[in-house]
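Visitor: A single structure is presented below for examination.
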Amino acid sequence: MPDLTYPLLTAQNATTTNAIINHYAQSESFTTLSTFEGNAILQRDAEDDTKLQKGIDIAKAKGVIDPKFIPEEYIAIDVLGKNPEEVAEEILTTVRSSSSSSSGNKGAAGGGVVVICGLSGTGKGTTVSTLQQKLESDEGKQVVCWSNGNIFRSVTLLAATWCEQQQQHADESNGGGGGDGDITKALTKENLAEFMTMLSFGKFKDGKYDTRICGLGLDCLVSEVQNTELKGPKVSKNIPTVAEVTQGEVILFAAEAIRQMGEDGIFVLLEGREQTVNYVRTPLRFTLTLSDLSLIGKRRAAQRLAAGVLDEVKEGASVEEIEVALDGQLAKMVKEASA
């Protein structure tokens with residue numbers, strides 16, 4: 001077991017968390033904290049799944065997505081005892097051997113779409129980052145990590161803009177006694193269908209793939225406004241409301257965008273919940289599992305402890321100083337969890 005050195009702590013990777021877990025292998029306090037963290041993660045996952053399913057059900061009821069749609073089968077990978085490099089290599093073995101004629105995928109010779117699912121704490125984000133590094137450095141591929149977040153934000157921007165324009169029109173008509181800006185009024189089936197026609201995906205500036213927002217007086221590329229307008233208050237405060245009723249629309253938009261990039265020789269890595277990524281056609285679908293679910297809580301507890309100690313100790317701290325700080329952070333977090 002490696003010593004808990006300052007460089008090890010600052011790495012904040014799988015080696016860091018494993019070292020902390022091993023350090024506290026016989027600690028009742030660490031078991032208490034990891035159980036608390038694990039239960040919290042599983043509860044949040046269950047709640048998120050319920051909310052997502054509600055959005056999917058709404059999309060099916062509206063006829064936006066096919067209620068009888070069946071995705072390709074997922075390949076389960078138990079990540080127990082494996083580091084991110086080993087998990088990524090297991091996925092890449094399947095990618096390399098995939099048929100170049102498979103629907104939605106061109107195998108290792110061209111582009112492709114790789115979907116990664118799994119419970120929180122199974123290492124999806126780390127696996128995606130490792131896959132990206134391996135595909136780019138070792139395989140010489142162009143890789144895009146896709147997220148639906150900016151598409152939800154783009155639809156929300158259009159809905160909020162529609163509300164502003166409706167309110168302005170009502171103010172002008174009624175001498176100041178106009179609409180109330182309620183975002184839900186923008187979210188009719190007809191409006192949402194129209195908003196989606198205002199979004200297009202393709203190669204725009206400098207031949208790079210991007211999403212264009214064009215409508216209601218707006219004309220911009222997502223890459224140019226993702227940290228400004230799409231992060232503004234009128235978007236941020238309305239995202240939960242809009243996302244609940246636009247799951248289907250965003251899923252279909254994303255599936256088409258991902259298909260385009262995959263067929264153009266780009267490797268697209270898509271991380272997400274099964275309910276949403278099911279609708280992206282690809283045989284390269286993986287779900288990360290942990291045969292020992294207690295590790296989910298242990299990993300999160302170790303991550304929190306490492307972050308807490310880094311805020312406390314100075315650069316170059318000794319192993320003894322770090323262990324004392326870890327014990328202090330552990331006692332503090334256990335007390336908070338028990339409150």
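Order determines the names: the first chain of the structure tokens is A, the second B, and so forth; residues in each chain are numbered 1 upward, and ligands are numbered 1 upward as they are shown.
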Taking 4 positions as the minimum chain separation for residues in the same chain, which residues sit within 8 Å of Glu72 of chain A when counting only C-alpha atoms? Answer as a PyMOL selection string.
Guide: chain A and resi 278+281-283+285
Visitor: Under the rule of at most 6 Å, produce a per-residue listing of segment 58-90 of chain A near segment 243-248 of chain A: chain, number, name, the closest pair of atoms, and the distance in Å, as CSV, using only C-alpha atoms.
Guide:
residue,atom,partner,partner_atom,distance
A:Ala59,CA,A:Gly248,CA,4.8
A:Val64,CA,A:Gly248,CA,5.8
A:Ile65,CA,A:Gly248,CA,5.9
Visitor: Please provide the set of residues having any atom within 12 Å of Asn13 of chain A, restricted to only C-alpha atoms, with same-chain residues fewer than 3 positions apart removed, written as a short mmCIF file (atom, residue, chain, number, x, y, z; two decimals) with all heavy atoms, in the first residue's frame.
Guide:
data_model
loop_
_atom_site.label_atom_id
_atom_site.label_comp_id
_atom_site.auth_asym_id
_atom_site.auth_seq_id
_atom_site.Cartn_x
_atom_site.Cartn_y
_atom_site.Cartn_z
N PRO A 7 1.97 14.37 -2.85
CA PRO A 7 1.73 14.17 -4.29
C PRO A 7 0.61 13.16 -4.57
O PRO A 7 -0.17 13.33 -5.51
CB PRO A 7 3.09 13.66 -4.80
CG PRO A 7 4.08 14.23 -3.84
CD PRO A 7 3.40 14.17 -2.51
N LEU A 8 0.54 12.09 -3.77
CA LEU A 8 -0.53 11.11 -3.96
C LEU A 8 -1.88 11.75 -3.72
O LEU A 8 -2.84 11.52 -4.46
CB LEU A 8 -0.33 9.93 -3.01
CG LEU A 8 -1.44 8.86 -3.02
CD1 LEU A 8 -1.42 8.11 -4.34
CD2 LEU A 8 -1.26 7.90 -1.86
N LEU A 9 -1.96 12.59 -2.69
CA LEU A 9 -3.21 13.24 -2.34
C LEU A 9 -3.66 14.20 -3.44
O LEU A 9 -4.84 14.25 -3.81
CB LEU A 9 -3.04 14.00 -1.02
CG LEU A 9 -4.26 14.11 -0.10
CD1 LEU A 9 -4.73 12.74 0.35
CD2 LEU A 9 -3.91 14.98 1.11
N THR A 10 -2.70 14.97 -3.98
CA THR A 10 -3.05 15.97 -4.99
C THR A 10 -3.46 15.33 -6.32
O THR A 10 -4.14 15.96 -7.12
CB THR A 10 -1.86 16.92 -5.25
OG1 THR A 10 -0.70 16.16 -5.61
CG2 THR A 10 -1.56 17.74 -4.00
N THR A 16 -5.38 7.47 -5.37
CA THR A 16 -5.60 8.23 -4.13
C THR A 16 -6.72 7.61 -3.30
O THR A 16 -6.55 7.34 -2.10
CB THR A 16 -5.96 9.69 -4.45
OG1 THR A 16 -5.00 10.25 -5.34
CG2 THR A 16 -6.02 10.53 -3.17
N THR A 17 -7.86 7.38 -3.93
CA THR A 17 -9.01 6.85 -3.18
C THR A 17 -8.72 5.45 -2.67
O THR A 17 -9.08 5.12 -1.53
CB THR A 17 -10.27 6.85 -4.05
OG1 THR A 17 -10.03 6.12 -5.26
CG2 THR A 17 -10.69 8.25 -4.41
N ASN A 18 -8.07 4.62 -3.47
CA ASN A 18 -7.75 3.26 -3.02
C ASN A 18 -6.81 3.27 -1.83
O ASN A 18 -6.94 2.45 -0.91
CB ASN A 18 -7.15 2.45 -4.17
CG ASN A 18 -8.18 2.07 -5.22
OD1 ASN A 18 -9.37 2.00 -4.93
ND2 ASN A 18 -7.73 1.82 -6.43
N ALA A 19 -5.84 4.20 -1.83
CA ALA A 19 -4.89 4.29 -0.72
C ALA A 19 -5.60 4.68 0.58
O ALA A 19 -5.33 4.14 1.66
CB ALA A 19 -3.79 5.30 -1.04
N ILE A 20 -6.56 5.61 0.48
CA ILE A 20 -7.31 6.04 1.67
C ILE A 20 -8.22 4.92 2.15
O ILE A 20 -8.34 4.67 3.36
CB ILE A 20 -8.11 7.32 1.36
CG1 ILE A 20 -7.14 8.48 1.10
CG2 ILE A 20 -9.05 7.66 2.52
CD1 ILE A 20 -7.81 9.77 0.67
N ASN A 83 -8.57 -0.84 -12.33
CA ASN A 83 -8.31 0.60 -12.40
C ASN A 83 -8.92 1.15 -13.69
O ASN A 83 -9.33 0.38 -14.58
CB ASN A 83 -6.81 0.89 -12.30
CG ASN A 83 -6.01 0.24 -13.43
OD1 ASN A 83 -6.44 0.23 -14.58
ND2 ASN A 83 -4.83 -0.28 -13.10
N PRO A 84 -9.00 2.48 -13.83
CA PRO A 84 -9.64 3.06 -15.02
C PRO A 84 -9.01 2.62 -16.33
O PRO A 84 -9.72 2.44 -17.33
CB PRO A 84 -9.45 4.57 -14.79
CG PRO A 84 -9.36 4.73 -13.31
CD PRO A 84 -8.64 3.51 -12.84
N GLU A 85 -7.70 2.42 -16.34
CA GLU A 85 -7.03 1.98 -17.56
C GLU A 85 -7.49 0.59 -17.98
O GLU A 85 -7.69 0.31 -19.17
CB GLU A 85 -5.50 1.98 -17.37
CG GLU A 85 -4.87 3.37 -17.32
CD GLU A 85 -5.17 4.10 -16.01
OE1 GLU A 85 -5.51 3.43 -15.01
OE2 GLU A 85 -5.08 5.34 -15.99
N GLY A 123 -17.41 5.09 -11.58
CA GLY A 123 -16.27 5.56 -12.35
C GLY A 123 -16.55 5.91 -13.79
O GLY A 123 -15.64 5.85 -14.63
N GLY A 125 -17.21 8.87 -15.25
CA GLY A 125 -16.48 10.04 -15.71
C GLY A 125 -15.00 9.76 -15.92
O GLY A 125 -14.42 10.16 -16.94
N THR A 126 -14.40 9.04 -14.98
CA THR A 126 -12.99 8.69 -15.10
C THR A 126 -12.76 7.77 -16.29
O THR A 126 -11.77 7.90 -17.02
CB THR A 126 -12.50 8.00 -13.82
OG1 THR A 126 -12.77 8.84 -12.70
CG2 THR A 126 -11.01 7.74 -13.89
N THR A 127 -13.68 6.84 -16.50
CA THR A 127 -13.57 5.92 -17.63
C THR A 127 -13.65 6.66 -18.95
O THR A 127 -12.86 6.40 -19.88
CB THR A 127 -14.67 4.85 -17.56
OG1 THR A 127 -14.52 4.09 -16.36
CG2 THR A 127 -14.60 3.91 -18.76
N SER A 129 -12.89 9.82 -19.50
CA SER A 129 -11.65 10.60 -19.66
C SER A 129 -10.50 9.71 -20.12
O SER A 129 -9.70 10.09 -20.99
CB SER A 129 -11.29 11.28 -18.35
OG SER A 129 -12.28 12.21 -17.97
N THR A 130 -10.41 8.52 -19.54
CA THR A 130 -9.34 7.59 -19.91
C THR A 130 -9.53 7.08 -21.34
O THR A 130 -8.56 6.97 -22.11
CB THR A 130 -9.30 6.39 -18.94
OG1 THR A 130 -9.19 6.88 -17.60
CG2 THR A 130 -8.13 5.48 -19.24
N ARG A 299 -15.59 4.95 -2.00
CA ARG A 299 -14.92 5.84 -2.94
C ARG A 299 -15.31 7.29 -2.69
O ARG A 299 -14.44 8.18 -2.68
CB ARG A 299 -15.27 5.44 -4.38
CG ARG A 299 -14.59 4.18 -4.86
CD ARG A 299 -15.03 3.84 -6.27
NE ARG A 299 -14.26 2.76 -6.84
CZ ARG A 299 -14.46 2.26 -8.05
NH1 ARG A 299 -15.40 2.77 -8.83
NH2 ARG A 299 -13.71 1.27 -8.51
N ARG A 300 -16.60 7.54 -2.51
CA ARG A 300 -17.04 8.91 -2.28
C ARG A 300 -16.48 9.45 -0.96
O ARG A 300 -16.06 10.61 -0.89
CB ARG A 300 -18.57 8.98 -2.29
CG ARG A 300 -19.14 10.40 -2.15
CD ARG A 300 -18.66 11.33 -3.24
NE ARG A 300 -18.92 10.82 -4.57
CZ ARG A 300 -20.06 11.03 -5.23
NH1 ARG A 300 -21.03 11.74 -4.67
NH2 ARG A 300 -20.22 10.55 -6.44
N ALA A 302 -13.71 8.54 0.51
CA ALA A 302 -12.28 8.79 0.30
C ALA A 302 -12.04 10.06 -0.50
O ALA A 302 -11.12 10.84 -0.21
CB ALA A 302 -11.63 7.60 -0.39
N GLN A 303 -12.86 10.31 -1.50
CA GLN A 303 -12.74 11.53 -2.30
C GLN A 303 -12.98 12.77 -1.44
O GLN A 303 -12.25 13.76 -1.54
CB GLN A 303 -13.74 11.50 -3.47
CG GLN A 303 -13.39 10.49 -4.54
CD GLN A 303 -14.55 10.23 -5.50
OE1 GLN A 303 -15.68 10.72 -5.29
NE2 GLN A 303 -14.28 9.49 -6.56
N ALA A 306 -9.95 13.29 0.94
CA ALA A 306 -8.78 13.82 0.23
C ALA A 306 -8.95 15.32 -0.04
O ALA A 306 -8.02 16.11 0.18
CB ALA A 306 -8.58 13.07 -1.08
N ALA A 307 -10.13 15.71 -0.50
CA ALA A 307 -10.39 17.12 -0.79
C ALA A 307 -10.31 17.96 0.48
O ALA A 307 -9.77 19.07 0.49
CB ALA A 307 -11.75 17.29 -1.45
#
Visitor: To one decimal place, how far is atom CA of Gln165 of chain A from atom CA of Glu194 of chain A in Å?
Guide: 15.3 Å
Visitor: Within segment 150-300 of chain A, find each residue whose DSSP state, derived from the backbone, is helix (DSSP H, G or I), and express the selection as a PyMOL selection string.
Guide: chain A and resi 150-174+183-186+189-197+205-207+222-225+229-231+233-236+239-245+247-263+274-277+294-300
Visitor: Run DSSP on the backbone and tell me which residues of segment 93-316 of chain A come out as strand (DSSP E); list them as a PyMOL selection string.
Guide: chain A and resi 112-118+143-146+199-203+209-215+218-221+267-271+285-289
Visitor: Would you mind exporting the chosen residues as a compact mmCIF listing (two decimals), in the first residue's frame, restricted to N, CA, C and O atoms?
Guide:
# COMPACT_ATOMS: atom_id res chain seq x y z
N GLY A 112 -17.21 6.35 -34.36
CA GLY A 112 -18.09 5.44 -33.64
C GLY A 112 -18.74 6.15 -32.48
O GLY A 112 -18.40 7.28 -32.13
N VAL A 113 -19.70 5.49 -31.87
CA VAL A 113 -20.41 6.03 -30.72
C VAL A 113 -20.30 5.02 -29.59
O VAL A 113 -20.69 3.86 -29.74
N VAL A 114 -19.75 5.46 -28.47
CA VAL A 114 -19.60 4.60 -27.30
C VAL A 114 -20.43 5.19 -26.17
O VAL A 114 -20.24 6.34 -25.77
N VAL A 115 -21.36 4.39 -25.66
CA VAL A 115 -22.24 4.82 -24.58
C VAL A 115 -21.79 4.18 -23.27
O VAL A 115 -21.54 2.97 -23.21
N ILE A 116 -21.67 5.00 -22.22
CA ILE A 116 -21.26 4.53 -20.90
C ILE A 116 -22.33 4.87 -19.89
O ILE A 116 -22.68 6.05 -19.71
N CYS A 117 -22.86 3.85 -19.21
CA CYS A 117 -23.86 4.05 -18.16
C CYS A 117 -23.38 3.41 -16.86
O CYS A 117 -22.36 2.73 -16.82
N GLY A 118 -24.15 3.60 -15.81
CA GLY A 118 -23.81 2.97 -14.54
C GLY A 118 -24.22 3.85 -13.38
O GLY A 118 -24.47 5.05 -13.53
N VAL A 143 -11.98 12.79 -30.99
CA VAL A 143 -12.96 12.36 -30.00
C VAL A 143 -13.77 13.56 -29.51
O VAL A 143 -13.23 14.64 -29.26
N VAL A 144 -15.07 13.35 -29.36
CA VAL A 144 -15.97 14.35 -28.78
C VAL A 144 -16.71 13.70 -27.61
O VAL A 144 -17.26 12.61 -27.75
N CYS A 145 -16.67 14.36 -26.46
CA CYS A 145 -17.47 13.91 -25.32
C CYS A 145 -18.76 14.72 -25.32
O CYS A 145 -18.75 15.92 -25.08
N TRP A 146 -19.87 14.05 -25.61
CA TRP A 146 -21.15 14.74 -25.81
C TRP A 146 -21.92 14.84 -24.50
O TRP A 146 -21.98 13.90 -23.71
N LEU A 199 -33.17 24.92 -33.71
CA LEU A 199 -31.86 24.37 -33.38
C LEU A 199 -31.39 23.49 -34.53
O LEU A 199 -32.15 22.67 -35.04
N SER A 200 -30.16 23.66 -34.93
CA SER A 200 -29.61 22.82 -35.99
C SER A 200 -28.18 22.44 -35.63
O SER A 200 -27.45 23.22 -35.01
N PHE A 201 -27.81 21.24 -36.02
CA PHE A 201 -26.47 20.75 -35.72
C PHE A 201 -25.73 20.48 -37.02
O PHE A 201 -26.28 19.90 -37.96
N GLY A 202 -24.50 20.90 -37.07
CA GLY A 202 -23.71 20.66 -38.27
C GLY A 202 -22.38 21.38 -38.17
O GLY A 202 -21.98 21.84 -37.10
N LYS A 203 -21.70 21.47 -39.29
CA LYS A 203 -20.42 22.18 -39.34
C LYS A 203 -20.67 23.64 -39.68
O LYS A 203 -21.25 23.94 -40.72
N TYR A 209 -18.03 21.12 -35.88
CA TYR A 209 -19.41 20.80 -35.49
C TYR A 209 -19.85 21.70 -34.35
O TYR A 209 -19.09 21.97 -33.41
N ASP A 210 -21.09 22.15 -34.44
CA ASP A 210 -21.64 23.03 -33.42
C ASP A 210 -23.16 22.99 -33.52
O ASP A 210 -23.72 22.44 -34.48
N THR A 211 -23.81 23.56 -32.53
CA THR A 211 -25.27 23.70 -32.55
C THR A 211 -25.60 25.17 -32.74
O THR A 211 -25.07 26.04 -32.04
N ARG A 212 -26.44 25.44 -33.72
CA ARG A 212 -26.85 26.81 -34.01
C ARG A 212 -28.25 27.06 -33.47
O ARG A 212 -29.15 26.25 -33.64
N ILE A 213 -28.39 28.19 -32.80
CA ILE A 213 -29.71 28.65 -32.33
C ILE A 213 -30.13 29.78 -33.25
O ILE A 213 -29.46 30.82 -33.33
N CYS A 214 -31.22 29.59 -33.98
CA CYS A 214 -31.65 30.60 -34.95
C CYS A 214 -33.17 30.72 -34.92
O CYS A 214 -33.89 29.86 -35.45
N GLY A 215 -33.66 31.77 -34.28
CA GLY A 215 -35.09 32.00 -34.18
C GLY A 215 -35.41 32.96 -33.06
O GLY A 215 -34.59 33.19 -32.16
N LEU A 218 -32.84 35.44 -32.28
CA LEU A 218 -31.53 34.92 -31.88
C LEU A 218 -30.85 34.27 -33.07
O LEU A 218 -31.50 33.62 -33.89
N ASP A 219 -29.54 34.42 -33.16
CA ASP A 219 -28.76 33.72 -34.17
C ASP A 219 -27.33 33.60 -33.64
O ASP A 219 -26.53 34.54 -33.72
N CYS A 220 -27.03 32.44 -33.04
CA CYS A 220 -25.72 32.28 -32.41
C CYS A 220 -25.35 30.80 -32.38
O CYS A 220 -26.20 29.92 -32.55
N LEU A 221 -24.08 30.55 -32.15
CA LEU A 221 -23.59 29.19 -31.99
C LEU A 221 -23.44 28.89 -30.50
O LEU A 221 -23.00 29.73 -29.72
N PHE A 267 -15.12 9.81 -33.03
CA PHE A 267 -15.55 8.96 -31.93
C PHE A 267 -16.30 9.82 -30.92
O PHE A 267 -15.76 10.81 -30.42
N VAL A 268 -17.54 9.45 -30.65
CA VAL A 268 -18.36 10.18 -29.69
C VAL A 268 -18.50 9.34 -28.44
O VAL A 268 -18.94 8.18 -28.49
N LEU A 269 -18.12 9.91 -27.30
CA LEU A 269 -18.27 9.25 -26.01
C LEU A 269 -19.45 9.89 -25.30
O LEU A 269 -19.46 11.09 -25.05
N LEU A 270 -20.43 9.08 -24.98
CA LEU A 270 -21.67 9.57 -24.37
C LEU A 270 -21.86 8.92 -23.01
O LEU A 270 -22.03 7.71 -22.91
N GLU A 271 -21.84 9.73 -21.98
CA GLU A 271 -22.05 9.24 -20.61
C GLU A 271 -23.42 9.73 -20.14
O GLU A 271 -23.78 10.88 -20.34
N ARG A 285 -22.44 -0.28 -26.30
CA ARG A 285 -23.13 0.22 -25.11
C ARG A 285 -22.61 -0.55 -23.90
O ARG A 285 -22.64 -1.78 -23.89
N PHE A 286 -22.16 0.19 -22.92
CA PHE A 286 -21.57 -0.45 -21.74
C PHE A 286 -22.20 0.12 -20.47
O PHE A 286 -22.45 1.32 -20.37
N THR A 287 -22.45 -0.76 -19.53
CA THR A 287 -22.91 -0.31 -18.22
C THR A 287 -21.91 -0.80 -17.17
O THR A 287 -21.57 -1.99 -17.13
N LEU A 288 -21.38 0.14 -16.40
CA LEU A 288 -20.40 -0.19 -15.38
C LEU A 288 -21.11 -0.62 -14.11
O LEU A 288 -22.03 0.07 -13.63
N THR A 289 -20.71 -1.75 -13.56
CA THR A 289 -21.34 -2.27 -12.36
C THR A 289 -20.27 -2.50 -11.28
O THR A 289 -19.08 -2.54 -11.57
Visitor: By how many Å are atom CA of Ala40 of chain A and atom CA of Lys335 of chain A apart?
Guide: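 Atom CA of Lys335 of chain A lies at a distance of 15.8 Å from atom CA of Ala40 of chain A.
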